[in-house]
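Listing of target06.txt, compact mmCIF, N, CA and C atoms
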# COMPACT_ATOMS: atom_id res chain seq x y z
N MET A 1 4.38 0.14 -50.53
CA MET A 1 3.12 -0.31 -49.98
C MET A 1 3.18 -0.20 -48.46
N LYS A 2 2.10 0.30 -47.88
CA LYS A 2 2.02 0.47 -46.43
C LYS A 2 0.96 -0.46 -45.85
N VAL A 3 1.37 -1.20 -44.82
CA VAL A 3 0.47 -2.10 -44.12
C VAL A 3 0.25 -1.56 -42.70
N LEU A 4 -0.99 -1.49 -42.30
CA LEU A 4 -1.36 -1.02 -40.97
C LEU A 4 -1.89 -2.20 -40.17
N PHE A 5 -1.30 -2.41 -38.98
CA PHE A 5 -1.79 -3.43 -38.05
C PHE A 5 -2.49 -2.73 -36.90
N ILE A 6 -3.68 -3.24 -36.55
CA ILE A 6 -4.49 -2.64 -35.48
C ILE A 6 -4.76 -3.68 -34.40
N CYS A 7 -4.60 -3.28 -33.14
CA CYS A 7 -5.06 -4.10 -32.02
C CYS A 7 -5.68 -3.17 -30.99
N THR A 8 -5.92 -3.65 -29.82
CA THR A 8 -6.59 -2.83 -28.83
C THR A 8 -5.67 -1.73 -28.30
N GLY A 9 -4.53 -2.12 -27.74
CA GLY A 9 -3.69 -1.14 -27.05
C GLY A 9 -2.47 -0.65 -27.79
N ASN A 10 -2.16 -1.20 -28.97
CA ASN A 10 -0.95 -0.87 -29.71
C ASN A 10 0.28 -1.03 -28.82
N TYR A 11 0.30 -2.15 -28.12
CA TYR A 11 1.34 -2.39 -27.13
C TYR A 11 1.93 -3.80 -27.24
N TYR A 12 1.13 -4.74 -27.69
CA TYR A 12 1.50 -6.15 -27.66
C TYR A 12 1.42 -6.77 -29.05
N ARG A 13 0.23 -7.09 -29.55
CA ARG A 13 0.10 -7.80 -30.81
C ARG A 13 0.41 -6.94 -32.03
N SER A 14 -0.19 -5.76 -32.13
CA SER A 14 0.06 -4.93 -33.32
C SER A 14 1.50 -4.43 -33.35
N LYS A 15 2.07 -4.20 -32.18
CA LYS A 15 3.48 -3.75 -32.12
C LYS A 15 4.38 -4.89 -32.60
N PHE A 16 4.08 -6.13 -32.19
CA PHE A 16 4.82 -7.28 -32.68
C PHE A 16 4.69 -7.39 -34.20
N ALA A 17 3.46 -7.28 -34.70
CA ALA A 17 3.21 -7.40 -36.14
C ALA A 17 4.00 -6.36 -36.92
N GLU A 18 4.00 -5.14 -36.46
CA GLU A 18 4.73 -4.06 -37.12
C GLU A 18 6.23 -4.38 -37.20
N ILE A 19 6.81 -4.72 -36.08
CA ILE A 19 8.26 -4.95 -36.03
C ILE A 19 8.64 -6.20 -36.83
N TYR A 20 7.88 -7.27 -36.68
CA TYR A 20 8.21 -8.51 -37.39
C TYR A 20 8.04 -8.34 -38.90
N PHE A 21 6.95 -7.70 -39.32
CA PHE A 21 6.73 -7.47 -40.75
C PHE A 21 7.87 -6.63 -41.33
N ASN A 22 8.23 -5.57 -40.66
CA ASN A 22 9.31 -4.71 -41.16
C ASN A 22 10.65 -5.43 -41.18
N PHE A 23 10.88 -6.31 -40.22
CA PHE A 23 12.11 -7.12 -40.21
C PHE A 23 12.16 -8.04 -41.43
N LEU A 24 11.05 -8.70 -41.71
CA LEU A 24 11.01 -9.64 -42.84
C LEU A 24 11.09 -8.93 -44.19
N ASN A 25 10.72 -7.67 -44.23
CA ASN A 25 10.63 -6.94 -45.49
C ASN A 25 11.58 -5.75 -45.57
N LYS A 26 12.65 -5.80 -44.81
CA LYS A 26 13.54 -4.63 -44.73
C LYS A 26 14.21 -4.29 -46.05
N ASP A 27 14.34 -5.22 -46.97
CA ASP A 27 14.98 -4.95 -48.25
C ASP A 27 13.96 -4.76 -49.38
N LYS A 28 12.71 -4.59 -49.02
CA LYS A 28 11.66 -4.45 -50.03
C LYS A 28 10.97 -3.10 -49.86
N GLU A 29 10.15 -2.77 -50.82
CA GLU A 29 9.40 -1.52 -50.73
C GLU A 29 8.08 -1.74 -50.01
N LEU A 30 8.17 -2.40 -48.89
CA LEU A 30 7.02 -2.67 -48.03
C LEU A 30 7.35 -2.14 -46.64
N THR A 31 6.38 -1.54 -46.01
CA THR A 31 6.59 -1.07 -44.65
C THR A 31 5.28 -1.20 -43.89
N SER A 32 5.39 -1.30 -42.59
CA SER A 32 4.18 -1.38 -41.78
C SER A 32 4.31 -0.47 -40.57
N TYR A 33 3.15 -0.17 -40.00
CA TYR A 33 3.09 0.55 -38.75
C TYR A 33 1.87 0.04 -38.01
N SER A 34 1.69 0.48 -36.79
CA SER A 34 0.60 -0.07 -35.98
C SER A 34 -0.09 1.02 -35.17
N ARG A 35 -1.34 0.73 -34.85
CA ARG A 35 -2.16 1.64 -34.06
C ARG A 35 -3.07 0.83 -33.14
N GLY A 36 -3.65 1.52 -32.15
CA GLY A 36 -4.56 0.89 -31.22
C GLY A 36 -5.91 1.57 -31.18
N LEU A 37 -6.89 0.84 -30.67
CA LEU A 37 -8.25 1.37 -30.55
C LEU A 37 -8.51 1.99 -29.18
N ASP A 38 -7.72 1.60 -28.18
CA ASP A 38 -7.86 2.14 -26.83
C ASP A 38 -6.51 2.01 -26.14
N ILE A 39 -5.76 3.08 -26.10
CA ILE A 39 -4.39 3.02 -25.57
C ILE A 39 -4.31 3.47 -24.11
N SER A 40 -5.44 3.44 -23.41
CA SER A 40 -5.51 3.98 -22.05
C SER A 40 -5.24 2.97 -20.93
N ASN A 41 -4.90 1.73 -21.25
CA ASN A 41 -4.71 0.71 -20.22
C ASN A 41 -3.52 1.06 -19.32
N PRO A 42 -3.74 1.31 -18.04
CA PRO A 42 -2.64 1.69 -17.14
C PRO A 42 -1.65 0.56 -16.88
N LYS A 43 -2.02 -0.66 -17.22
CA LYS A 43 -1.10 -1.80 -17.04
C LYS A 43 -0.04 -1.85 -18.13
N ASN A 44 -0.28 -1.17 -19.25
CA ASN A 44 0.69 -1.15 -20.35
C ASN A 44 1.75 -0.10 -20.06
N LEU A 45 2.87 -0.55 -19.54
CA LEU A 45 3.95 0.36 -19.15
C LEU A 45 5.01 0.42 -20.24
N GLY A 46 5.35 1.61 -20.66
CA GLY A 46 6.36 1.78 -21.70
C GLY A 46 5.73 1.72 -23.08
N SER A 47 6.59 1.53 -24.08
CA SER A 47 6.12 1.59 -25.46
C SER A 47 5.80 0.23 -26.06
N ILE A 48 6.23 -0.85 -25.39
CA ILE A 48 6.04 -2.19 -25.96
C ILE A 48 5.97 -3.23 -24.84
N SER A 49 5.19 -4.24 -25.04
CA SER A 49 5.03 -5.31 -24.05
C SER A 49 6.32 -6.11 -23.89
N PRO A 50 6.68 -6.44 -22.66
CA PRO A 50 7.84 -7.32 -22.47
C PRO A 50 7.65 -8.68 -23.14
N TYR A 51 6.40 -9.15 -23.26
CA TYR A 51 6.13 -10.40 -23.97
C TYR A 51 6.54 -10.29 -25.44
N THR A 52 6.23 -9.14 -26.02
CA THR A 52 6.58 -8.90 -27.42
C THR A 52 8.09 -8.88 -27.58
N VAL A 53 8.77 -8.17 -26.72
CA VAL A 53 10.24 -8.10 -26.78
C VAL A 53 10.84 -9.49 -26.63
N ASN A 54 10.35 -10.25 -25.68
CA ASN A 54 10.86 -11.60 -25.44
C ASN A 54 10.69 -12.49 -26.67
N TYR A 55 9.50 -12.45 -27.28
CA TYR A 55 9.25 -13.31 -28.44
C TYR A 55 10.07 -12.87 -29.65
N LEU A 56 10.22 -11.58 -29.85
CA LEU A 56 11.06 -11.08 -30.94
C LEU A 56 12.50 -11.55 -30.77
N LYS A 57 12.98 -11.54 -29.53
CA LYS A 57 14.34 -12.03 -29.26
C LYS A 57 14.46 -13.53 -29.57
N GLN A 58 13.41 -14.29 -29.23
CA GLN A 58 13.41 -15.73 -29.55
C GLN A 58 13.52 -15.96 -31.05
N LEU A 59 12.90 -15.07 -31.83
CA LEU A 59 12.95 -15.18 -33.29
C LEU A 59 14.22 -14.56 -33.88
N LYS A 60 15.05 -14.01 -33.01
CA LYS A 60 16.29 -13.34 -33.44
C LYS A 60 16.01 -12.15 -34.35
N VAL A 61 14.96 -11.43 -34.01
CA VAL A 61 14.57 -10.23 -34.74
C VAL A 61 15.25 -9.04 -34.08
N GLU A 62 15.86 -8.23 -34.92
CA GLU A 62 16.50 -7.01 -34.43
C GLU A 62 15.40 -6.04 -33.99
N ILE A 63 15.45 -5.66 -32.73
CA ILE A 63 14.44 -4.76 -32.18
C ILE A 63 14.91 -3.32 -32.41
N PRO A 64 14.05 -2.50 -32.99
CA PRO A 64 14.44 -1.11 -33.26
C PRO A 64 14.85 -0.38 -31.98
N VAL A 65 15.82 0.50 -32.11
CA VAL A 65 16.27 1.29 -30.97
C VAL A 65 15.14 2.21 -30.49
N LYS A 66 14.47 2.83 -31.45
CA LYS A 66 13.37 3.75 -31.12
C LYS A 66 12.05 3.05 -31.43
N ILE A 67 11.25 2.87 -30.40
CA ILE A 67 9.91 2.29 -30.56
C ILE A 67 8.91 3.35 -30.10
N ASN A 68 7.98 3.67 -30.99
CA ASN A 68 6.97 4.68 -30.65
C ASN A 68 6.09 4.22 -29.50
N ASP A 69 5.66 5.16 -28.69
CA ASP A 69 4.66 4.87 -27.68
C ASP A 69 3.37 4.45 -28.39
N PRO A 70 2.49 3.74 -27.70
CA PRO A 70 1.22 3.36 -28.31
C PRO A 70 0.50 4.59 -28.89
N GLN A 71 -0.04 4.39 -30.09
CA GLN A 71 -0.73 5.48 -30.79
C GLN A 71 -2.14 5.06 -31.15
N LEU A 72 -3.05 5.99 -30.99
CA LEU A 72 -4.46 5.76 -31.27
C LEU A 72 -4.74 5.82 -32.77
N LEU A 73 -5.57 4.91 -33.24
CA LEU A 73 -5.95 4.87 -34.65
C LEU A 73 -6.76 6.12 -35.01
N GLU A 74 -6.40 6.72 -36.15
CA GLU A 74 -7.12 7.88 -36.66
C GLU A 74 -7.53 7.61 -38.10
N GLU A 75 -8.49 8.36 -38.58
CA GLU A 75 -8.98 8.17 -39.94
C GLU A 75 -7.87 8.27 -40.98
N ASN A 76 -6.94 9.19 -40.80
CA ASN A 76 -5.83 9.33 -41.75
C ASN A 76 -4.99 8.06 -41.87
N ASP A 77 -4.89 7.30 -40.79
CA ASP A 77 -4.16 6.03 -40.85
C ASP A 77 -4.83 5.09 -41.85
N LEU A 78 -6.14 5.05 -41.81
CA LEU A 78 -6.90 4.18 -42.71
C LEU A 78 -6.83 4.68 -44.14
N ILE A 79 -6.84 5.98 -44.32
CA ILE A 79 -6.75 6.56 -45.65
C ILE A 79 -5.39 6.28 -46.28
N ASN A 80 -4.34 6.40 -45.49
CA ASN A 80 -2.97 6.33 -46.00
C ASN A 80 -2.36 4.93 -46.03
N SER A 81 -3.15 3.91 -45.75
CA SER A 81 -2.65 2.53 -45.76
C SER A 81 -3.20 1.78 -46.95
N ASP A 82 -2.35 0.94 -47.54
CA ASP A 82 -2.77 0.10 -48.65
C ASP A 82 -3.46 -1.17 -48.17
N VAL A 83 -2.98 -1.70 -47.05
CA VAL A 83 -3.53 -2.91 -46.45
C VAL A 83 -3.75 -2.61 -44.97
N VAL A 84 -4.92 -2.99 -44.46
CA VAL A 84 -5.25 -2.75 -43.06
C VAL A 84 -5.68 -4.08 -42.45
N ILE A 85 -5.02 -4.45 -41.34
CA ILE A 85 -5.32 -5.72 -40.67
C ILE A 85 -5.58 -5.46 -39.19
N ALA A 86 -6.77 -5.86 -38.74
CA ALA A 86 -7.08 -5.87 -37.31
C ALA A 86 -6.81 -7.29 -36.82
N VAL A 87 -6.07 -7.41 -35.74
CA VAL A 87 -5.58 -8.74 -35.36
C VAL A 87 -6.64 -9.65 -34.73
N ASN A 88 -7.82 -9.10 -34.35
CA ASN A 88 -8.84 -9.97 -33.76
C ASN A 88 -10.25 -9.47 -34.08
N ARG A 89 -10.94 -10.23 -34.91
CA ARG A 89 -12.29 -9.85 -35.33
C ARG A 89 -13.23 -9.66 -34.14
N LYS A 90 -13.23 -10.60 -33.22
CA LYS A 90 -14.16 -10.56 -32.08
C LYS A 90 -13.97 -9.29 -31.25
N GLU A 91 -12.74 -8.88 -31.03
CA GLU A 91 -12.45 -7.69 -30.23
C GLU A 91 -12.65 -6.39 -31.00
N HIS A 92 -12.35 -6.39 -32.28
CA HIS A 92 -12.18 -5.13 -33.00
C HIS A 92 -13.26 -4.76 -34.01
N TYR A 93 -14.02 -5.74 -34.49
CA TYR A 93 -14.96 -5.43 -35.57
C TYR A 93 -15.97 -4.36 -35.17
N LYS A 94 -16.67 -4.56 -34.07
CA LYS A 94 -17.73 -3.61 -33.67
C LYS A 94 -17.16 -2.22 -33.41
N VAL A 95 -16.01 -2.14 -32.76
CA VAL A 95 -15.39 -0.84 -32.47
C VAL A 95 -15.05 -0.13 -33.78
N LEU A 96 -14.45 -0.86 -34.69
CA LEU A 96 -14.08 -0.26 -35.98
C LEU A 96 -15.31 0.12 -36.80
N GLU A 97 -16.32 -0.73 -36.76
CA GLU A 97 -17.55 -0.43 -37.49
C GLU A 97 -18.22 0.83 -36.94
N ASN A 98 -18.18 1.01 -35.62
CA ASN A 98 -18.79 2.19 -35.00
C ASN A 98 -17.97 3.46 -35.23
N LYS A 99 -16.66 3.37 -35.11
CA LYS A 99 -15.80 4.56 -35.22
C LYS A 99 -15.47 4.94 -36.66
N PHE A 100 -15.33 3.93 -37.52
CA PHE A 100 -14.89 4.17 -38.90
C PHE A 100 -15.75 3.37 -39.89
N PRO A 101 -17.06 3.59 -39.91
CA PRO A 101 -17.94 2.75 -40.74
C PRO A 101 -17.62 2.79 -42.23
N SER A 102 -17.13 3.90 -42.72
CA SER A 102 -16.85 3.98 -44.16
C SER A 102 -15.57 3.27 -44.55
N PHE A 103 -14.83 2.73 -43.58
CA PHE A 103 -13.58 2.02 -43.88
C PHE A 103 -13.64 0.53 -43.56
N ILE A 104 -14.76 0.06 -43.05
CA ILE A 104 -14.84 -1.34 -42.62
C ILE A 104 -14.55 -2.30 -43.77
N TRP A 105 -14.89 -1.92 -44.98
CA TRP A 105 -14.65 -2.75 -46.17
C TRP A 105 -13.15 -2.96 -46.42
N LYS A 106 -12.34 -2.05 -45.95
CA LYS A 106 -10.91 -2.06 -46.23
C LYS A 106 -10.11 -2.91 -45.23
N ILE A 107 -10.75 -3.32 -44.16
CA ILE A 107 -10.04 -3.98 -43.06
C ILE A 107 -10.17 -5.49 -43.15
N GLU A 108 -9.02 -6.16 -43.11
CA GLU A 108 -8.98 -7.62 -43.02
C GLU A 108 -8.89 -7.97 -41.54
N PHE A 109 -9.66 -8.97 -41.13
CA PHE A 109 -9.68 -9.35 -39.72
C PHE A 109 -9.05 -10.72 -39.53
N TRP A 110 -8.11 -10.78 -38.60
CA TRP A 110 -7.52 -12.04 -38.19
C TRP A 110 -8.15 -12.43 -36.86
N ASP A 111 -7.74 -13.58 -36.33
CA ASP A 111 -8.32 -14.07 -35.07
C ASP A 111 -7.24 -14.46 -34.07
N VAL A 112 -6.34 -13.54 -33.80
CA VAL A 112 -5.27 -13.78 -32.83
C VAL A 112 -5.72 -13.19 -31.49
N GLY A 113 -5.85 -14.06 -30.49
CA GLY A 113 -6.39 -13.65 -29.20
C GLY A 113 -5.42 -12.86 -28.34
N ASP A 114 -6.00 -12.14 -27.40
CA ASP A 114 -5.23 -11.38 -26.43
C ASP A 114 -4.82 -12.31 -25.28
N LEU A 115 -4.11 -11.76 -24.32
CA LEU A 115 -3.55 -12.56 -23.23
C LEU A 115 -4.61 -13.28 -22.38
N TYR A 116 -5.81 -12.75 -22.32
CA TYR A 116 -6.86 -13.42 -21.54
C TYR A 116 -7.45 -14.62 -22.30
N GLU A 117 -7.07 -14.78 -23.59
CA GLU A 117 -7.59 -15.89 -24.39
C GLU A 117 -6.56 -16.98 -24.67
N GLN A 118 -5.30 -16.59 -24.79
CA GLN A 118 -4.26 -17.56 -25.09
C GLN A 118 -2.91 -17.03 -24.61
N THR A 119 -1.95 -17.93 -24.45
CA THR A 119 -0.63 -17.50 -23.99
C THR A 119 0.03 -16.62 -25.03
N TYR A 120 0.96 -15.80 -24.58
CA TYR A 120 1.64 -14.93 -25.54
C TYR A 120 2.45 -15.73 -26.54
N GLU A 121 3.00 -16.87 -26.13
CA GLU A 121 3.76 -17.70 -27.07
C GLU A 121 2.86 -18.19 -28.20
N ASN A 122 1.68 -18.67 -27.85
CA ASN A 122 0.75 -19.15 -28.88
C ASN A 122 0.24 -18.02 -29.76
N ALA A 123 -0.13 -16.91 -29.14
CA ALA A 123 -0.66 -15.78 -29.91
C ALA A 123 0.40 -15.23 -30.87
N LEU A 124 1.60 -15.02 -30.38
CA LEU A 124 2.63 -14.42 -31.23
C LEU A 124 3.16 -15.41 -32.26
N HIS A 125 3.13 -16.70 -31.93
CA HIS A 125 3.49 -17.70 -32.95
C HIS A 125 2.47 -17.67 -34.08
N GLU A 126 1.19 -17.65 -33.72
CA GLU A 126 0.13 -17.59 -34.72
C GLU A 126 0.25 -16.32 -35.56
N LEU A 127 0.52 -15.22 -34.91
CA LEU A 127 0.68 -13.94 -35.60
C LEU A 127 1.89 -13.97 -36.53
N SER A 128 2.99 -14.55 -36.07
CA SER A 128 4.18 -14.62 -36.93
C SER A 128 3.91 -15.46 -38.18
N CYS A 129 3.17 -16.54 -38.05
CA CYS A 129 2.83 -17.38 -39.22
C CYS A 129 1.98 -16.60 -40.21
N LYS A 130 1.01 -15.84 -39.71
CA LYS A 130 0.15 -15.05 -40.59
C LYS A 130 0.96 -13.96 -41.30
N ILE A 131 1.90 -13.36 -40.61
CA ILE A 131 2.74 -12.31 -41.20
C ILE A 131 3.66 -12.90 -42.27
N GLU A 132 4.18 -14.08 -42.01
CA GLU A 132 5.03 -14.75 -43.01
C GLU A 132 4.22 -15.06 -44.28
N LEU A 133 2.98 -15.52 -44.12
CA LEU A 133 2.13 -15.77 -45.28
C LEU A 133 1.80 -14.47 -46.02
N LEU A 134 1.53 -13.43 -45.29
CA LEU A 134 1.27 -12.13 -45.89
C LEU A 134 2.47 -11.65 -46.70
N THR A 135 3.64 -11.83 -46.15
CA THR A 135 4.87 -11.44 -46.84
C THR A 135 5.04 -12.23 -48.13
N LYS A 136 4.75 -13.52 -48.10
CA LYS A 136 4.84 -14.34 -49.32
C LYS A 136 3.83 -13.87 -50.34
N ASP A 137 2.65 -13.47 -49.92
CA ASP A 137 1.64 -12.96 -50.86
C ASP A 137 2.14 -11.73 -51.60
N PHE A 138 2.88 -10.87 -50.92
CA PHE A 138 3.41 -9.67 -51.57
C PHE A 138 4.54 -9.99 -52.55
N GLN A 139 5.17 -11.12 -52.37
CA GLN A 139 6.29 -11.49 -53.26
C GLN A 139 5.79 -12.06 -54.58
N GLN A 140 4.52 -12.44 -54.65
CA GLN A 140 3.99 -13.03 -55.88
C GLN A 140 3.50 -11.99 -56.84
Mind turning this structure into structure tokens?
Amino acid sequence: MKVLFICTGNYYRSKFAEIYFNFLNKDKELTSYSRGLDISNPKNLGSISPYTVNYLKQLKVEIPVKINDPQLLEENDLINSDVVIAVNRKEHYKVLENKFPSFIWKIEFWDVGDLYEQTYENALHELSCKIELLTKDFQQ
């Protein structure tokens, strides 16, 4: 089963979701990857946010040696995923509805805010709890 996490830049929240989900499910036939809706932010330096790396270290999550640079969401990503989660309805619904209207039914929307809405500790804690619940759902 493939899970796709979507956020704006594929640099902070969706990258965290991908790595944390894969860490929790490394011995299962579950895998995740992540994409962004707009990867052009010049403030996003490198392949992953330092906030994401810091929080993963706090959780004692093994950070992959190779981390992909931010990647833009494409239709094939939606086609090839079993579960699709956009991390923030308010930010992502309209963009997804406009760009991929025939796939909007397939997308589950969470409400984890970006850095201008909440601290990274709060956002990533909330995201980690949602990912843990998602993982438990797959175990049933």
Legend entry - Atom pair CA of Tyr51 in chain A / CA of His92 in chain A: separation (Å): 21.1 Å
Inset, instruction - Rounded to one decimal place, report the CA of Ser14 in chain A-CA of Lys57 in chain A distance in Å. - result: 16.5 Å
Inset, instruction - List every residue of chain A that DSSP, applied to the backbone, labels as alpha helix (DSSP H), and write the result as a ChimeraX atom specification. - result: /A:13-24,50-58,75-79,89-99,120-139
Legend entry - For range 27-44 of chain A: contacts at 7 Å, only N, CA and C atoms, fewer than 6 positions along chain excluded, given as a VMD selection string: chain A and resid 1 to 11 14 to 15 17 to 19 21 70 to 74
Same residues, N, CA and C atoms, saved as a PDB file, keeping the file's coordinate frame:
ATOM      1  N   MET A   1       4.380   0.140 -50.530  1.00  0.00           N
ATOM      2  CA  MET A   1       3.120  -0.310 -49.980  1.00  0.00           C
ATOM      3  C   MET A   1       3.180  -0.200 -48.460  1.00  0.00           C
ATOM      4  N   LYS A   2       2.100   0.300 -47.880  1.00  0.00           N
ATOM      5  CA  LYS A   2       2.020   0.470 -46.430  1.00  0.00           C
ATOM      6  C   LYS A   2       0.960  -0.460 -45.850  1.00  0.00           C
ATOM      7  N   VAL A   3       1.370  -1.200 -44.820  1.00  0.00           N
ATOM      8  CA  VAL A   3       0.470  -2.100 -44.120  1.00  0.00           C
ATOM      9  C   VAL A   3       0.250  -1.560 -42.700  1.00  0.00           C
ATOM     10  N   LEU A   4      -0.990  -1.490 -42.300  1.00  0.00           N
ATOM     11  CA  LEU A   4      -1.360  -1.020 -40.970  1.00  0.00           C
ATOM     12  C   LEU A   4      -1.890  -2.200 -40.170  1.00  0.00           C
ATOM     13  N   PHE A   5      -1.300  -2.410 -38.980  1.00  0.00           N
ATOM     14  CA  PHE A   5      -1.790  -3.430 -38.050  1.00  0.00           C
ATOM     15  C   PHE A   5      -2.490  -2.730 -36.900  1.00  0.00           C
ATOM     16  N   ILE A   6      -3.680  -3.240 -36.550  1.00  0.00           N
ATOM     17  CA  ILE A   6      -4.490  -2.640 -35.480  1.00  0.00           C
ATOM     18  C   ILE A   6      -4.760  -3.680 -34.400  1.00  0.00           C
ATOM     19  N   CYS A   7      -4.600  -3.280 -33.140  1.00  0.00           N
ATOM     20  CA  CYS A   7      -5.060  -4.100 -32.020  1.00  0.00           C
ATOM     21  C   CYS A   7      -5.680  -3.170 -30.990  1.00  0.00           C
ATOM     22  N   THR A   8      -5.920  -3.650 -29.820  1.00  0.00           N
ATOM     23  CA  THR A   8      -6.590  -2.830 -28.830  1.00  0.00           C
ATOM     24  C   THR A   8      -5.670  -1.730 -28.300  1.00  0.00           C
ATOM     25  N   GLY A   9      -4.530  -2.120 -27.740  1.00  0.00           N
ATOM     26  CA  GLY A   9      -3.690  -1.140 -27.050  1.00  0.00           C
ATOM     27  C   GLY A   9      -2.470  -0.650 -27.790  1.00  0.00           C
ATOM     28  N   ASN A  10      -2.160  -1.200 -28.970  1.00  0.00           N
ATOM     29  CA  ASN A  10      -0.950  -0.870 -29.710  1.00  0.00           C
ATOM     30  C   ASN A  10       0.280  -1.030 -28.820  1.00  0.00           C
ATOM     31  N   TYR A  11       0.300  -2.150 -28.120  1.00  0.00           N
ATOM     32  CA  TYR A  11       1.340  -2.390 -27.130  1.00  0.00           C
ATOM     33  C   TYR A  11       1.930  -3.800 -27.240  1.00  0.00           C
ATOM     34  N   SER A  14      -0.190  -5.760 -32.130  1.00  0.00           N
ATOM     35  CA  SER A  14       0.060  -4.930 -33.320  1.00  0.00           C
ATOM     36  C   SER A  14       1.500  -4.430 -33.350  1.00  0.00           C
ATOM     37  N   LYS A  15       2.070  -4.200 -32.180  1.00  0.00           N
ATOM     38  CA  LYS A  15       3.480  -3.750 -32.120  1.00  0.00           C
ATOM     39  C   LYS A  15       4.380  -4.890 -32.600  1.00  0.00           C
ATOM     40  N   ALA A  17       3.460  -7.280 -34.700  1.00  0.00           N
ATOM     41  CA  ALA A  17       3.210  -7.400 -36.140  1.00  0.00           C
ATOM     42  C   ALA A  17       4.000  -6.360 -36.920  1.00  0.00           C
ATOM     43  N   GLU A  18       4.000  -5.140 -36.460  1.00  0.00           N
ATOM     44  CA  GLU A  18       4.730  -4.060 -37.120  1.00  0.00           C
ATOM     45  C   GLU A  18       6.230  -4.380 -37.200  1.00  0.00           C
ATOM     46  N   ILE A  19       6.810  -4.720 -36.080  1.00  0.00           N
ATOM     47  CA  ILE A  19       8.260  -4.950 -36.030  1.00  0.00           C
ATOM     48  C   ILE A  19       8.640  -6.200 -36.830  1.00  0.00           C
ATOM     49  N   PHE A  21       6.950  -7.700 -39.320  1.00  0.00           N
ATOM     50  CA  PHE A  21       6.730  -7.470 -40.750  1.00  0.00           C
ATOM     51  C   PHE A  21       7.870  -6.630 -41.330  1.00  0.00           C
ATOM     52  N   PRO A  70       2.490   3.740 -27.700  1.00  0.00           N
ATOM     53  CA  PRO A  70       1.220   3.360 -28.310  1.00  0.00           C
ATOM     54  C   PRO A  70       0.500   4.590 -28.890  1.00  0.00           C
ATOM     55  N   GLN A  71      -0.040   4.390 -30.090  1.00  0.00           N
ATOM     56  CA  GLN A  71      -0.730   5.480 -30.790  1.00  0.00           C
ATOM     57  C   GLN A  71      -2.140   5.060 -31.150  1.00  0.00           C
ATOM     58  N   LEU A  72      -3.050   5.990 -30.990  1.00  0.00           N
ATOM     59  CA  LEU A  72      -4.460   5.760 -31.270  1.00  0.00           C
ATOM     60  C   LEU A  72      -4.740   5.820 -32.770  1.00  0.00           C
ATOM     61  N   LEU A  73      -5.570   4.910 -33.240  1.00  0.00           N
ATOM     62  CA  LEU A  73      -5.950   4.870 -34.650  1.00  0.00           C
ATOM     63  C   LEU A  73      -6.760   6.120 -35.010  1.00  0.00           C
ATOM     64  N   GLU A  74      -6.400   6.720 -36.150  1.00  0.00           N
ATOM     65  CA  GLU A  74      -7.120   7.880 -36.660  1.00  0.00           C
ATOM     66  C   GLU A  74      -7.530   7.610 -38.100  1.00  0.00           C
TER      67      GLU A  74
END
Inset, instruction - Have a look at CA of Cys129 in chain A and CA of Gly46 in chain A and let me know their distance in Å, one decimal. - result: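 Calculated distance between CA of Cys129 in chain A and CA of Gly46 in chain A is 26.2 Å.
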Inset, instruction - Going by DSSP on the backbone, which bits of range 22-109 of chain A are strand (DSSP E or B)? Write them as a VMD selection string, please. - result: chain A and resid 31 to 36 72 83 to 86 88 107 to 109
Leaving out range 52-55 of chain A and any residue of its chain fewer than 4 positions from it, which residues lie within 7 Å of it when counting only C-alpha atoms, given as an mmCIF file with N, CA and C atoms, in the coordinates of the input?
data_model
loop_
_atom_site.group_PDB
_atom_site.id
_atom_site.type_symbol
_atom_site.label_atom_id
_atom_site.label_comp_id
_atom_site.auth_asym_id
_atom_site.auth_seq_id
_atom_site.Cartn_x
_atom_site.Cartn_y
_atom_site.Cartn_z
ATOM 1 N N TYR A 12 1.130 -4.740 -27.690
ATOM 2 C CA TYR A 12 1.500 -6.150 -27.660
ATOM 3 C C TYR A 12 1.420 -6.770 -29.050
ATOM 4 N N PHE A 16 4.080 -6.130 -32.190
ATOM 5 C CA PHE A 16 4.820 -7.280 -32.680
ATOM 6 C C PHE A 16 4.690 -7.390 -34.200
ATOM 7 N N ILE A 48 6.230 -0.850 -25.390
ATOM 8 C CA ILE A 48 6.040 -2.190 -25.960
ATOM 9 C C ILE A 48 5.970 -3.230 -24.840
ATOM 10 N N LEU A 59 12.900 -15.070 -31.830
ATOM 11 C CA LEU A 59 12.950 -15.180 -33.290
ATOM 12 C C LEU A 59 14.220 -14.560 -33.880
#
Inset, instruction - Go through A:Val83, A:Lys136, A:His125, A:Lys130 and flag the residue nearest Gln58 in chain A, using only C-alpha atoms for the distances. - result: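 With only C-alpha atoms as the atom set, the closest residue is A:His125.
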Legend entry - Residue contacts of Glu108 in chain A (7 Å, only C-alpha atoms) excluding same-chain residues fewer than 3 positions away, as an MDAnalysis selection string: chainID A and resid 84:86
Inset, instruction - Identify which of the residues A:Lys106, A:Phe100, A:Asp111, A:Asn122 lies closest to Glu75 in chain A, counting all atoms listed in the file when measuring atom-to-atom distances. - result: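 Distance minimum relative to Glu75 in chain A lands on A:Phe100.
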Legend entry - Residue nearest Ala123 in chain A - candidates A:Lys99, A:Arg13, A:Pro50, A:Asp77, atoms counted: only C-alpha atoms: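 Closest candidate: A:Arg13.
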Inset, instruction - Could you please give me, as a PyMOL selection string, the residues of protein, DNA or RNA lying at most 7 Å from (-1.9, -12.3, -30.3) in the coordinate frame of the file, considering only C-alpha atoms? - result: chain A and resi 13+112-114+120+123-124+127
